[in-house]
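A.B. asks: Sharing start19.txt here; it has compact mmCIF, C-alpha atoms and all ligand atoms.
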```txt
# COMPACT_ATOMS: atom_id res chain seq x y z
CA MET A 220 -38.61 -22.62 0.31
CA ALA A 221 -36.82 -22.14 -3.05
CA PRO A 222 -33.06 -22.22 -2.48
CA LYS A 223 -31.04 -19.11 -3.42
CA ILE A 224 -27.36 -18.32 -3.63
CA ILE A 225 -25.17 -15.28 -4.28
CA ILE A 226 -21.37 -15.11 -4.41
CA HIS A 227 -18.87 -12.28 -4.81
CA GLY A 228 -15.25 -12.02 -5.90
CA GLY A 229 -14.34 -8.55 -4.68
CA PHE A 230 -14.06 -5.51 -6.93
CA PHE A 231 -13.25 -5.15 -10.61
CA SER A 232 -11.05 -2.21 -11.41
CA GLU A 233 -11.18 -1.47 -15.14
CA SER A 234 -8.16 0.79 -14.92
CA LEU A 235 -6.01 -2.04 -13.59
CA THR A 236 -7.30 -5.09 -15.43
CA SER A 237 -8.28 -6.01 -18.98
CA ASP A 238 -11.47 -7.12 -20.75
CA GLU A 239 -9.91 -10.57 -20.82
CA VAL A 240 -9.68 -10.66 -17.01
CA LYS A 241 -13.23 -9.33 -16.71
CA LYS A 242 -14.53 -12.14 -18.95
CA ALA A 243 -12.49 -14.71 -17.01
CA LYS A 244 -14.04 -13.47 -13.73
CA GLN A 245 -17.57 -13.55 -15.21
CA ASP A 246 -16.99 -17.11 -16.43
CA ALA A 247 -15.49 -18.26 -13.12
CA LEU A 248 -18.31 -16.76 -11.04
CA THR A 249 -20.93 -18.28 -13.36
CA ARG A 250 -19.33 -21.72 -13.13
CA ILE A 251 -19.00 -21.55 -9.33
CA VAL A 252 -22.49 -20.17 -8.59
CA LYS A 253 -24.11 -22.84 -10.77
CA SER A 254 -22.08 -25.65 -9.22
CA ALA A 255 -22.80 -24.33 -5.71
CA PHE A 256 -26.52 -24.06 -6.49
CA GLN A 257 -26.58 -27.70 -7.58
CA PHE A 258 -24.82 -28.59 -4.30
CA LEU A 259 -27.35 -26.48 -2.33
CA GLU A 260 -30.22 -28.54 -3.70
CA THR A 261 -29.04 -31.52 -1.63
CA HIS A 262 -27.05 -29.83 1.18
CA SER A 263 -27.57 -27.23 3.88
CA ALA A 264 -26.86 -23.52 3.48
CA LEU A 265 -23.95 -23.93 5.89
CA GLU A 266 -22.36 -26.77 3.89
CA THR A 267 -22.93 -24.83 0.68
CA VAL A 268 -21.27 -21.56 1.69
CA VAL A 269 -18.13 -23.51 2.60
CA TYR A 270 -18.27 -25.45 -0.68
CA ALA A 271 -18.65 -22.28 -2.78
CA THR A 272 -16.02 -20.31 -0.88
CA GLU A 273 -13.53 -23.16 -1.23
CA GLN A 274 -13.96 -23.00 -5.01
CA LEU A 275 -13.51 -19.23 -4.97
CA GLU A 276 -10.33 -19.66 -2.87
CA ASP A 277 -9.02 -22.17 -5.42
CA CYS A 278 -9.52 -19.77 -8.35
CA ASP A 279 -6.39 -17.62 -8.67
CA LEU A 280 -8.33 -14.74 -10.24
CA PHE A 281 -9.53 -13.79 -6.76
CA ASN A 282 -7.72 -12.51 -3.70
CA ALA A 283 -8.38 -15.39 -1.30
CA GLY A 284 -6.69 -18.77 -0.90
CA THR A 285 -4.61 -19.35 -4.04
CA GLY A 286 -3.84 -15.92 -5.49
CA SER A 287 -3.92 -14.07 -2.16
CA GLN A 288 -2.18 -10.69 -1.92
CA ILE A 289 1.28 -10.45 -0.39
CA GLN A 290 1.84 -8.32 2.73
CA SER A 291 4.55 -5.67 3.18
CA ASP A 292 7.05 -8.21 4.61
CA GLY A 293 6.64 -10.54 1.60
CA LYS A 294 4.41 -13.08 3.38
CA ILE A 295 0.82 -14.09 2.69
CA ARG A 296 -1.59 -14.09 5.63
CA MET A 297 -5.22 -14.98 5.01
CA SER A 298 -8.48 -14.59 6.91
CA ALA A 299 -11.80 -16.38 6.57
CA SER A 300 -14.99 -16.85 8.54
CA ILE A 301 -18.32 -18.65 8.53
CA MET A 302 -21.58 -17.82 10.25
CA ASP A 303 -24.53 -20.18 10.66
CA GLY A 304 -27.76 -18.18 10.83
CA VAL A 305 -29.50 -21.00 12.73
CA SER A 306 -27.08 -21.64 15.62
CA LEU A 307 -25.62 -18.10 15.43
CA LYS A 308 -22.19 -19.70 15.70
CA PHE A 309 -19.42 -17.58 14.15
CA SER A 310 -16.01 -19.10 13.50
CA GLY A 311 -12.95 -17.75 11.78
CA VAL A 312 -9.23 -17.62 11.21
CA ILE A 313 -7.26 -14.40 11.10
CA ASN A 314 -3.83 -14.09 9.44
CA ILE A 315 -3.40 -17.82 8.91
CA GLU A 316 -0.38 -18.91 6.81
CA GLY A 317 0.36 -21.75 4.40
CA VAL A 318 -3.01 -23.46 4.06
CA LYS A 319 -4.88 -24.05 0.81
CA ASN A 320 -8.38 -23.32 2.09
CA PRO A 321 -8.74 -21.04 5.15
CA VAL A 322 -12.53 -21.47 5.00
CA ARG A 323 -12.12 -25.19 5.70
CA VAL A 324 -10.13 -24.35 8.84
CA ALA A 325 -12.91 -21.95 9.90
CA GLU A 326 -15.36 -24.81 9.32
CA LYS A 327 -13.42 -27.01 11.78
CA LEU A 328 -13.58 -24.19 14.34
CA LEU A 329 -17.39 -24.20 14.24
CA GLN A 330 -17.19 -27.30 16.45
CA THR A 331 -14.88 -25.74 19.05
CA GLN A 332 -15.40 -23.46 22.05
CA ASP A 333 -12.63 -21.08 20.95
CA SER A 334 -14.06 -20.36 17.55
CA VAL A 335 -11.92 -17.49 16.24
CA LEU A 336 -8.16 -18.01 16.13
CA GLY A 337 -5.44 -15.65 14.90
CA GLY A 338 -1.88 -15.80 13.59
CA ASP A 339 0.38 -18.66 14.70
CA GLY A 340 -2.43 -20.14 16.81
CA ALA A 341 -4.65 -20.44 13.75
CA THR A 342 -1.86 -21.99 11.67
CA LEU A 343 -0.94 -24.44 14.47
CA PHE A 344 -4.60 -25.46 14.88
CA ALA A 345 -4.79 -26.11 11.12
CA ARG A 346 -1.67 -28.32 11.20
CA LYS A 347 -3.06 -30.29 14.16
CA GLN A 348 -6.26 -30.83 12.18
CA GLY A 349 -4.27 -32.24 9.25
CA PHE A 350 -4.09 -29.23 6.95
CA ASN A 351 -0.70 -29.66 5.26
CA TYR A 352 1.54 -26.78 4.22
CA TYR A 353 0.41 -25.25 0.93
CA SER A 354 1.76 -22.12 -0.74
CA THR A 355 -1.05 -19.90 -2.04
CA GLU A 356 1.39 -17.56 -3.79
CA THR A 357 1.04 -17.14 -7.56
CA PRO A 358 3.59 -15.64 -10.01
CA GLN A 359 1.12 -12.81 -10.77
CA ARG A 360 0.89 -11.76 -7.09
CA ARG A 361 4.69 -11.92 -6.71
CA LYS A 362 5.03 -9.72 -9.83
CA GLU A 363 2.55 -7.21 -8.37
CA TYR A 364 4.37 -7.24 -5.04
CA GLU A 365 7.78 -6.75 -6.65
CA SER A 366 6.59 -3.91 -8.84
CA LYS A 367 4.87 -2.39 -5.79
CA LEU A 368 1.68 -2.28 -7.82
CA LYS A 369 -1.21 -2.00 -5.39
CA ALA A 370 -3.54 -3.69 -7.85
CA ALA A 371 -6.90 -5.23 -7.07
CA THR A 372 -6.57 -4.55 -3.36
CA THR A 373 -10.20 -5.37 -2.83
CA GLY A 374 -10.69 -8.93 -4.00
CA THR A 375 -12.23 -10.75 -1.05
CA VAL A 376 -14.61 -13.62 -1.88
CA GLY A 377 -17.84 -14.64 -0.20
CA CYS A 378 -21.11 -16.52 -0.40
CA VAL A 379 -24.58 -16.26 1.12
CA ALA A 380 -27.02 -19.16 0.77
CA LEU A 381 -30.64 -19.87 1.70
CA ASP A 382 -31.53 -23.55 1.66
CA LYS A 383 -34.80 -25.47 1.17
CA GLU A 384 -35.41 -25.48 4.92
CA GLY A 385 -35.17 -21.67 5.01
CA ARG A 386 -31.79 -21.71 6.77
CA ILE A 387 -29.27 -18.97 5.98
CA ALA A 388 -25.47 -19.16 6.19
CA VAL A 389 -22.58 -16.99 5.07
CA ALA A 390 -18.84 -17.36 4.46
CA THR A 391 -16.14 -14.83 3.55
CA SER A 392 -12.43 -15.30 2.75
CA THR A 393 -9.62 -12.90 1.88
CA GLY A 394 -5.93 -12.42 1.23
CA GLY A 395 -6.27 -8.92 2.71
CA LYS A 396 -5.40 -5.56 1.15
CA GLY A 397 -1.90 -6.31 -0.05
CA PHE A 398 1.19 -4.51 1.33
CA GLU A 399 -0.43 -4.23 4.76
CA ILE A 400 1.61 -4.08 7.97
CA PRO A 401 1.95 -7.64 9.35
CA GLY A 402 -0.61 -8.00 12.13
CA ARG A 403 -3.27 -5.92 10.43
CA ILE A 404 -6.73 -7.42 11.00
CA SER A 405 -9.10 -7.84 8.05
CA ASP A 406 -12.85 -7.34 8.36
CA SER A 407 -13.47 -10.73 6.73
CA ALA A 408 -13.28 -12.68 9.98
CA THR A 409 -15.30 -10.11 11.95
CA VAL A 410 -19.03 -9.51 12.24
CA ALA A 411 -18.59 -6.34 10.20
CA GLY A 412 -17.61 -8.38 7.15
CA ASN A 413 -19.57 -11.59 7.67
CA TYR A 414 -22.82 -11.98 9.62
CA ALA A 415 -26.05 -13.98 9.54
CA ASN A 416 -29.08 -14.84 11.65
CA ALA A 417 -32.43 -16.46 10.91
CA ASN A 418 -33.58 -13.36 9.01
CA CYS A 419 -30.67 -12.44 6.79
CA GLY A 420 -27.02 -13.11 5.83
CA VAL A 421 -24.42 -10.66 4.52
CA SER A 422 -20.86 -11.02 3.16
CA CYS A 423 -18.76 -7.91 2.46
CA THR A 424 -15.81 -6.95 0.32
CA GLY A 425 -13.83 -3.75 0.00
CA VAL A 426 -11.48 -1.90 2.33
CA GLY A 427 -11.62 -3.70 5.67
CA GLU A 428 -11.10 -0.55 7.71
CA ASP A 429 -14.15 1.08 6.04
CA ILE A 430 -16.25 -2.08 6.47
CA VAL A 431 -15.42 -2.15 10.20
CA SER A 432 -16.13 1.61 10.55
CA GLY A 433 -19.53 1.00 8.95
CA ALA A 434 -20.17 -2.27 10.87
CA ILE A 435 -21.79 -3.22 7.58
CA ALA A 436 -22.83 -6.89 7.78
CA ALA A 437 -24.03 -6.80 11.40
CA LYS A 438 -25.87 -3.53 10.78
CA ILE A 439 -27.73 -4.78 7.68
CA VAL A 440 -28.77 -7.98 9.49
CA THR A 441 -29.95 -6.00 12.52
CA ARG A 442 -31.97 -3.61 10.38
CA VAL A 443 -33.69 -6.48 8.56
CA THR A 444 -34.40 -8.15 11.92
CA ASP A 445 -35.94 -4.88 13.13
CA GLY A 446 -38.30 -4.77 10.14
CA LEU A 447 -36.63 -2.98 7.24
CA SER A 448 -36.68 -4.64 3.84
CA LEU A 449 -33.33 -6.04 2.71
CA GLN A 450 -33.04 -3.34 0.03
CA GLN A 451 -33.79 -0.55 2.54
CA ALA A 452 -31.36 -2.00 5.08
CA CYS A 453 -28.57 -2.19 2.51
CA GLU A 454 -29.22 1.30 1.16
CA ARG A 455 -29.35 2.90 4.62
CA THR A 456 -26.17 1.16 5.73
CA PHE A 457 -24.30 2.13 2.55
CA ALA A 458 -25.55 5.75 2.83
CA GLU A 459 -23.74 5.85 6.18
CA LEU A 460 -20.43 5.18 4.38
CA LYS A 461 -20.72 8.40 2.36
CA PRO A 462 -19.42 10.88 5.00
CA PHE A 463 -16.07 9.08 5.04
CA ASP A 464 -16.21 7.83 1.43
CA GLY A 465 -16.17 4.23 2.62
CA PHE A 466 -15.17 1.71 -0.04
CA ALA A 467 -17.27 -1.45 0.24
CA GLY A 468 -19.57 -3.94 -1.40
CA ALA A 469 -21.99 -6.47 0.04
CA ILE A 470 -24.10 -9.42 -1.02
CA ALA A 471 -27.15 -10.43 1.03
CA ILE A 472 -30.13 -12.77 1.16
CA SER A 473 -33.12 -12.45 3.48
CA LYS A 474 -35.40 -15.22 4.74
CA ASN A 475 -38.14 -14.33 2.23
CA GLY A 476 -35.69 -15.04 -0.60
CA SER A 477 -34.79 -11.44 -1.52
CA ILE A 478 -31.29 -11.12 -2.93
CA VAL A 479 -29.42 -7.80 -2.90
CA HIS A 480 -25.97 -6.76 -4.09
CA ILE A 481 -24.71 -3.25 -3.41
CA ASP A 482 -21.45 -1.35 -3.75
CA SER A 483 -20.25 2.12 -2.81
CA HIS A 484 -17.88 2.41 -5.79
CA PRO A 485 -17.74 0.66 -9.16
CA ALA A 486 -17.82 -2.25 -9.25
CA MET A 487 -18.20 -5.36 -7.13
CA VAL A 488 -18.07 -8.62 -9.07
CA PHE A 489 -20.79 -11.09 -8.16
CA ALA A 490 -23.13 -13.78 -9.46
CA SER A 491 -26.44 -15.08 -8.15
CA PHE A 492 -28.58 -18.05 -9.18
CA ASP A 493 -31.92 -19.53 -8.10
CA GLY A 494 -32.17 -22.40 -10.56
CA ASN A 495 -33.75 -20.21 -13.25
CA ARG A 496 -32.40 -16.69 -13.08
CA LEU A 497 -28.66 -16.14 -13.38
CA GLU A 498 -27.34 -12.64 -12.70
CA VAL A 499 -23.68 -11.87 -13.31
CA PHE A 500 -21.91 -8.50 -12.96
CA GLU A 501 -21.36 -6.64 -16.26
N1 LIG A 601 -11.97 -6.80 2.85
C1 LIG A 601 -10.73 -7.42 2.95
C2 LIG A 601 -9.76 -6.69 3.73
O1 LIG A 601 -9.76 -5.46 3.77
O2 LIG A 601 -8.93 -7.32 4.33
```
Would you encode the structure as structure tokens?
Ligand code: GLY

C.D. replies:
Amino acid sequence: MAPKIIIHGGFFSESLTSDEVKKAKQDALTRIVKSAFQFLETHSALETVVYATEQLEDCDLFNAGTGSQIQSDGKIRMSASIMDGVSLKFSGVINIEGVKNPVRVAEKLLQTQDSVLGGDGATLFARKQGFNYYSTETPQRRKEYESKLKAATTGTVGCVALDKEGRIAVATSTGGKGFEIPGRISDSATVAGNYANANCGVSCTGVGEDIVSGAIAAKIVTRVTDGLSLQQACERTFAELKPFDGFAGAIAISKNGSIVHIDSHPAMVFASFDGNRLEVFE
């Protein structure tokens, strides 16, 4: 099986950001997808989605890890999850605080019985596992928060990978919407935003409430499992967002190596690579 990878970095809003930022996002996604592809050649899909998502979290252009949005009470709370399409194990953290890489905490939870933790419990688990305090706040996010500018509210990151053995895995990580009520739950650590099985993997970005209403990731994976092509499954699922003008994007890979990216509004930022063909959002 030829390995394949696709990553996303949320949405690009031309009205709120410049050509310079767009170019920086294109360059960052290109660098990360190529490095993650190289990693995928000698590692599993599961190891690779964590590796790629960690790099996306570390890039302050995106709303996950460093550069996460600030909530209405001035604090940053992040969410991340992983799903292994082979074991069907889903693990995640919801509203975790003060860790550099939430996806690495979710990775630790893959080995536990209680695999999705929220709030203080997630943060305490991380500390017990040796994740030291780290502030993911950046001056740009503080400036946006202070000016009450609800910019780039849809900047979740994610990765889907298919490895040489035909195994699929997916990871998604977010700083949330920005200005949300403390306690709000993101889609990124739910099966609406992040889901995989042996047939297909999907990571979503956009407005979490709309992604949950559309049950997007789980629905696309189910439709592919029931026989639809990946393109048909994505199109049908996104058509179901139209009645409520759902705002979402998704990246997906199926077991036959098809790669699809889809968004309901302009424009999700993404990059995919298979060793030869590089596709980057324009
Ligand atoms: N999709 C990220 C969020 O709404 O929290």

A.B. asks: Using all atoms listed in the file, determine which residues fall within 10 Å of ligand LIG 601 (chain A), then list them as a PyMOL selection string.

C.D. replies: chain A and resi 229+282-283+288+297-299+313-314+372-376+391-397+399+403-408+411-412+422-431+466-468

A.B. asks: Can you tell me, as a list in words, what residues are no more than 10 Å from A:Phe309 when counting only C-alpha atoms, ignoring any on the same chain fewer than 5 positions away?

C.D. replies: Ser300, Ile301, Met302, Asp303, Gly304, Ala325, Glu326, Leu328, Leu329, Ser334, Val335, Val389, Ala390, Ala408, Thr409, Val410, Asn413, Tyr414 and Ala415 of chain A

A.B. asks: Point out the residue among A:Glu260, A:Pro358, A:Thr342, A:Gly349 with the least atom-to-atom distance to A:Ser287, counting only C-alpha atoms.

C.D. replies: A:Pro358

A.B. asks: Considering all atoms listed in the file, can you say which of A:Lys294, A:Lys474, A:Arg361, A:Arg250 comes closest to A:Gly420?

C.D. replies: A:Lys474

A.B. asks: Show me, as an mmCIF file with C-alpha atoms, keeping the file's coordinate frame, the residues that have an atom within 9 Å of A:Glu273 when counting only C-alpha atoms, minus same-chain residues fewer than 6 positions from it.

C.D. replies:
```cif
data_model
loop_
_atom_site.group_PDB
_atom_site.id
_atom_site.type_symbol
_atom_site.label_atom_id
_atom_site.label_comp_id
_atom_site.auth_asym_id
_atom_site.auth_seq_id
_atom_site.Cartn_x
_atom_site.Cartn_y
_atom_site.Cartn_z
ATOM 1 C CA GLY A 284 -6.690 -18.770 -0.900
ATOM 2 C CA LYS A 319 -4.880 -24.050 0.810
ATOM 3 C CA ASN A 320 -8.380 -23.320 2.090
ATOM 4 C CA PRO A 321 -8.740 -21.040 5.150
ATOM 5 C CA VAL A 322 -12.530 -21.470 5.000
ATOM 6 C CA ARG A 323 -12.120 -25.190 5.700
ATOM 7 C CA SER A 392 -12.430 -15.300 2.750
#
```

A.B. asks: So which one's closest to A:Val479, A:Asp445, A:Glu384, A:Val379, A:Leu259? Using only C-alpha atoms, please.

C.D. replies: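 Result for the nearest residue to A:Val479: A:Val379.
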
A.B. asks: (-30.1, -2.8, -0.6) in this file's frame - what residues fall within 12 Å of it? Use only C-alpha atoms and give the answer as a PyMOL selection string.

C.D. replies: chain A and resi 421+435-436+439-440+442-443+447-458+468-473+477-483

A.B. asks: Any idea what the distance is between atom CA of A:Arg360 and atom CA of A:Asp277?

C.D. replies: 14.5 Å

A.B. asks: Can you write out as a Markdown table which residues of stretch 232-350 of chain A fall within 12 Å of stretch 484-491 of chain A, alongside each residue's closest atom pair and its distance in Å to one decimal, counting only C-alpha atoms and ordering rows by chain and ascending residue number?

C.D. replies:
```
| residue | atom | partner | partner_atom | distance |
| --- | --- | --- | --- | --- |
| A:Ser232 | CA | A:Ala486 | CA | 7.1 |
| A:Glu233 | CA | A:Ala486 | CA | 8.9 |
| A:Ser234 | CA | A:Pro485 | CA | 11.2 |
| A:Val240 | CA | A:Val488 | CA | 11.7 |
| A:Lys241 | CA | A:Val488 | CA | 9.1 |
| A:Lys242 | CA | A:Val488 | CA | 11.1 |
| A:Ala243 | CA | A:Val488 | CA | 11.5 |
| A:Lys244 | CA | A:Val488 | CA | 7.8 |
| A:Gln245 | CA | A:Val488 | CA | 7.9 |
| A:Asp246 | CA | A:Ala490 | CA | 9.9 |
| A:Ala247 | CA | A:Ala490 | CA | 9.6 |
| A:Leu248 | CA | A:Ala490 | CA | 5.9 |
| A:Thr249 | CA | A:Ala490 | CA | 6.3 |
| A:Arg250 | CA | A:Ala490 | CA | 9.5 |
| A:Ile251 | CA | A:Ala490 | CA | 8.8 |
| A:Val252 | CA | A:Ser491 | CA | 6.5 |
| A:Lys253 | CA | A:Ser491 | CA | 8.5 |
| A:Ser254 | CA | A:Ser491 | CA | 11.5 |
| A:Ala255 | CA | A:Ser491 | CA | 10.2 |
| A:Phe256 | CA | A:Ser491 | CA | 9.1 |
| A:Ala271 | CA | A:Ala490 | CA | 11.7 |
| A:Leu275 | CA | A:Phe489 | CA | 11.4 |
| A:Leu280 | CA | A:Val488 | CA | 11.6 |
| A:Phe281 | CA | A:Val488 | CA | 10.2 |
```
